[in-house]
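Beneath this line is the structure, given in structure tokens, with notes to follow.
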Amino acid sequence: MEENLTQEESLIKRIVICGPESTGKTTMINNLAVYFQTNYVDEFARDFLQKKWDSKKEICSKEDLIQIAKGQIKAENTNIKNSNKLIFCDTNILTTLAWSRTHFDEFCDPWLEKQSKLLTYDYYLILNTEIPWVKDDLRDRPKDRKKMFLAHKKELDKLNVDYDIIDDSDFEKRFNQAVEYIKNKY
């Protein structure tokens with residue numbers, strides 16, 4: 001049996017940027033971290049799965065999901081130590097849950113479900129699909145972006161967490177909308 005994931009104790013507010021593939025999450029967290037002069041956590045799954053693709057030409061499997069959740073928390077725990085009031089997370093376990101359900105016929109490992117209830121985040125921004133999809137080695141469902149958005153929203157609602165939706169098609173307006181939401185919270 002897997003050990004529970006544990007978050008580093010901190011007064012730093014954890015803000016998660018989530019949503020479907022190719023919606024600008026990484027760009028958003030980088031820009032928000034610069035604006036708020038703080039740190040961020042990269043999406044662990046992206047580097048992990050890119051290495052898997054580059055070395056074996058294999059895509060994500062069910063077995064990868066626990067390792068992805070563990071890697072994401074490890075990175076979060078490392079990066080929160082050098083943060084300034086806020087930390088921005090490029091996805092978290094919620095994305096792993098949504099991705100698992102949409103890619104593996106509603107399957108989600110019970111351990112991941114349990115962990116999602118143990119981990120705490122202060123606020124979420126979910127990015128909608130108004131910007132163009134950009135192909136890369138890992139993005140595999142350009143026509144399922146709305147379905148993925150709804151899967152993320154369903155997970156947020158199920159966990160009953162505080163979130164807002166970013167849904168403009170202009171990158172600058174999206175960023176400004178995110179900044180205003182965050183300033184109003186903190």
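Each chain in the structure tokens gets a letter, A, B and so on, in the order shown; residues start at 1 in every chain, and ligands are counted from 1 in the order they appear.
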(Q) Among region 13-185 of chain A, which residues does DSSP mark as helix (DSSP H, G or I) when it is run on the backbone? Keep the chain and numbering as in the structure and answer as JSON, numbers by chain. (A) {"A": [25, 26, 27, 28, 29, 30, 31, 32, 33, 34, 35, 44, 45, 46, 47, 48, 49, 50, 51, 52, 53, 54, 55, 56, 64, 65, 66, 67, 68, 69, 70, 71, 72, 73, 74, 75, 76, 77, 78, 79, 80, 81, 82, 93, 94, 95, 96, 97, 98, 99, 100, 101, 102, 103, 110, 111, 112, 113, 114, 115, 116, 117, 118, 142, 143, 144, 145, 146, 147, 148, 149, 150, 151, 152, 153, 154, 155, 156, 157, 158, 159, 171, 172, 173, 174, 175, 176, 177, 178, 179, 180, 181, 182, 183, 184, 185]}
Would you list the contacts of Tyr163 (chain A) as a compact mmCIF listing (two decimals) with N, CA and C atoms, in the first residue's frame, taking every protein, DNA or RNA residue within 7 Å and counting only C-alpha atoms, but skipping same-chain residues closer than 3 positions in sequence?
```txt
# COMPACT_ATOMS: atom_id res chain seq x y z
N TYR A 123 -6.80 27.95 -3.69
CA TYR A 123 -7.56 28.57 -4.77
C TYR A 123 -7.15 27.94 -6.10
N TYR A 124 -8.11 27.86 -7.01
CA TYR A 124 -7.88 27.32 -8.34
C TYR A 124 -8.34 28.31 -9.40
N LEU A 125 -7.59 28.35 -10.48
CA LEU A 125 -8.04 29.00 -11.71
C LEU A 125 -8.08 27.91 -12.77
```
Q) Cys89 (chain A): which residues within 10 Å, counting only C-alpha atoms, same-chain residues fewer than 5 positions away excluded, as a list in words? A)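 Those residues are Arg14, Ile15, Val16, Ile17, Cys18, Lys25, Thr26, Ile29, Asn30, Ala33, Asn39, Tyr40, Val41, Asp42, Glu43, Gln72, Ile73, Ala75, Glu76, Asn79, Ile80, Tyr121 and Tyr124 of chain A.
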Q. Which residue, A:Glu2, A:Asp105, A:Asp144, A:Asp136, has the smallest gap to Ile66 (chain A) when you use only C-alpha atoms?
A.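 Going through A:Glu2, A:Asp105, A:Asp144, A:Asp136 one by one, the smallest distance to Ile66 (chain A) is for A:Glu2.
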(Q) Let's see if you can do this: from backbone DSSP, list all strand (DSSP E) residues in chain A, as a list in words. (A)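 Assigned to strand (DSSP E), within chain A: Lys13, Arg14, Ile15, Val16, Ile17, Cys18, Asn39, Tyr40, Val41, Leu86, Ile87, Phe88, Cys89, Asp90, Tyr123, Tyr124, Leu125, Ile126, Leu127, Tyr163, Asp164, Ile165 and Ile166 of chain A.
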(Q) Measuring between only C-alpha atoms, which one of A:Leu97, A:Leu119, A:Ile131, A:Leu11 shows the shortest distance to Arg174 (chain A)? (A)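 Using only C-alpha atoms, the shortest distance to Arg174 (chain A) belongs to A:Ile131.
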Q: Fewer than 4 positions away in the same chain doesn't count, so skip those; otherwise give me all residues within 10 Å of Phe48 (chain A), counting only C-alpha atoms, as a VMD selection string.
A: chain A and resid 43 to 44 52 to 53 60 64 67 to 68 71
Take the residues that were just selected and, keeping all heavy atoms, output them as a short mmCIF file (atom, residue, chain, number, x, y, z; two decimals), in the first residue's frame.
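Generated output (selection.cif):
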```cif
data_model
loop_
_atom_site.label_atom_id
_atom_site.label_comp_id
_atom_site.auth_asym_id
_atom_site.auth_seq_id
_atom_site.Cartn_x
_atom_site.Cartn_y
_atom_site.Cartn_z
N GLU A 43 4.64 21.54 -14.11
CA GLU A 43 3.84 20.33 -14.24
C GLU A 43 4.79 19.13 -14.33
O GLU A 43 5.47 18.94 -15.33
CB GLU A 43 2.96 20.40 -15.48
CG GLU A 43 2.11 19.18 -15.68
CD GLU A 43 1.32 19.21 -16.97
OE1 GLU A 43 1.58 20.08 -17.83
OE2 GLU A 43 0.44 18.35 -17.12
N PHE A 44 4.82 18.31 -13.29
CA PHE A 44 5.70 17.15 -13.25
C PHE A 44 5.40 16.19 -14.39
O PHE A 44 6.32 15.65 -15.02
CB PHE A 44 5.57 16.42 -11.90
CG PHE A 44 6.43 15.20 -11.82
CD1 PHE A 44 7.78 15.31 -11.48
CD2 PHE A 44 5.92 13.95 -12.09
CE1 PHE A 44 8.59 14.20 -11.42
CE2 PHE A 44 6.73 12.82 -12.04
CZ PHE A 44 8.06 12.95 -11.70
N LYS A 52 9.58 9.68 -21.11
CA LYS A 52 9.08 8.35 -21.46
C LYS A 52 8.87 8.24 -22.98
O LYS A 52 9.22 7.24 -23.59
CB LYS A 52 7.76 8.08 -20.71
CG LYS A 52 7.20 6.71 -20.93
CD LYS A 52 5.95 6.48 -20.08
CE LYS A 52 5.40 5.08 -20.35
NZ LYS A 52 4.25 4.77 -19.51
N TRP A 53 8.30 9.28 -23.56
CA TRP A 53 8.08 9.29 -25.01
C TRP A 53 9.41 9.29 -25.77
O TRP A 53 9.59 8.52 -26.72
CB TRP A 53 7.24 10.50 -25.41
CG TRP A 53 7.04 10.62 -26.89
CD1 TRP A 53 7.69 11.46 -27.75
CD2 TRP A 53 6.18 9.82 -27.70
NE1 TRP A 53 7.27 11.26 -29.04
CE2 TRP A 53 6.34 10.24 -29.04
CE3 TRP A 53 5.29 8.79 -27.43
CZ2 TRP A 53 5.65 9.67 -30.09
CZ3 TRP A 53 4.59 8.23 -28.48
CH2 TRP A 53 4.77 8.67 -29.80
N CYS A 60 1.36 7.78 -21.61
CA CYS A 60 1.00 7.60 -20.20
C CYS A 60 0.17 6.34 -19.99
O CYS A 60 -0.77 6.07 -20.75
CB CYS A 60 0.22 8.83 -19.72
SG CYS A 60 -0.12 8.83 -17.95
N ASP A 64 1.55 4.97 -14.39
CA ASP A 64 2.32 6.22 -14.27
C ASP A 64 1.66 7.24 -13.34
O ASP A 64 2.33 8.13 -12.80
CB ASP A 64 2.49 6.89 -15.64
CG ASP A 64 3.37 6.11 -16.58
OD1 ASP A 64 4.27 5.39 -16.11
OD2 ASP A 64 3.15 6.22 -17.81
N GLN A 67 3.00 7.75 -9.74
CA GLN A 67 4.32 8.37 -9.79
C GLN A 67 4.21 9.86 -10.13
O GLN A 67 4.94 10.69 -9.60
CB GLN A 67 5.21 7.64 -10.79
CG GLN A 67 6.65 8.03 -10.68
CD GLN A 67 7.56 7.12 -11.48
OE1 GLN A 67 7.17 6.07 -11.97
NE2 GLN A 67 8.80 7.54 -11.63
N ILE A 68 3.29 10.20 -11.01
CA ILE A 68 3.08 11.60 -11.38
C ILE A 68 2.58 12.40 -10.17
O ILE A 68 3.08 13.49 -9.89
CB ILE A 68 2.10 11.70 -12.58
CG1 ILE A 68 2.81 11.23 -13.85
CG2 ILE A 68 1.55 13.11 -12.74
CD1 ILE A 68 1.89 11.01 -15.04
N GLY A 71 5.50 12.85 -7.78
CA GLY A 71 6.48 13.81 -8.31
C GLY A 71 5.99 15.24 -8.21
O GLY A 71 6.77 16.15 -7.91
#
```
Q: Measure the distance from CA of Phe36 (chain A) to CA of Asp168 (chain A) in Å and round it to one decimal.
A: 21.2 Å
Q | d(CA of Met28 (chain A), CA of Asp164 (chain A)) in Å | A |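 It comes out at 14.3 Å.
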Q: Using CA of Leu118 (chain A) and CA of Thr23 (chain A) as the two end points, give the distance in Å to one decimal.
A: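 Calculated distance between CA of Leu118 (chain A) and CA of Thr23 (chain A) is 27.2 Å.
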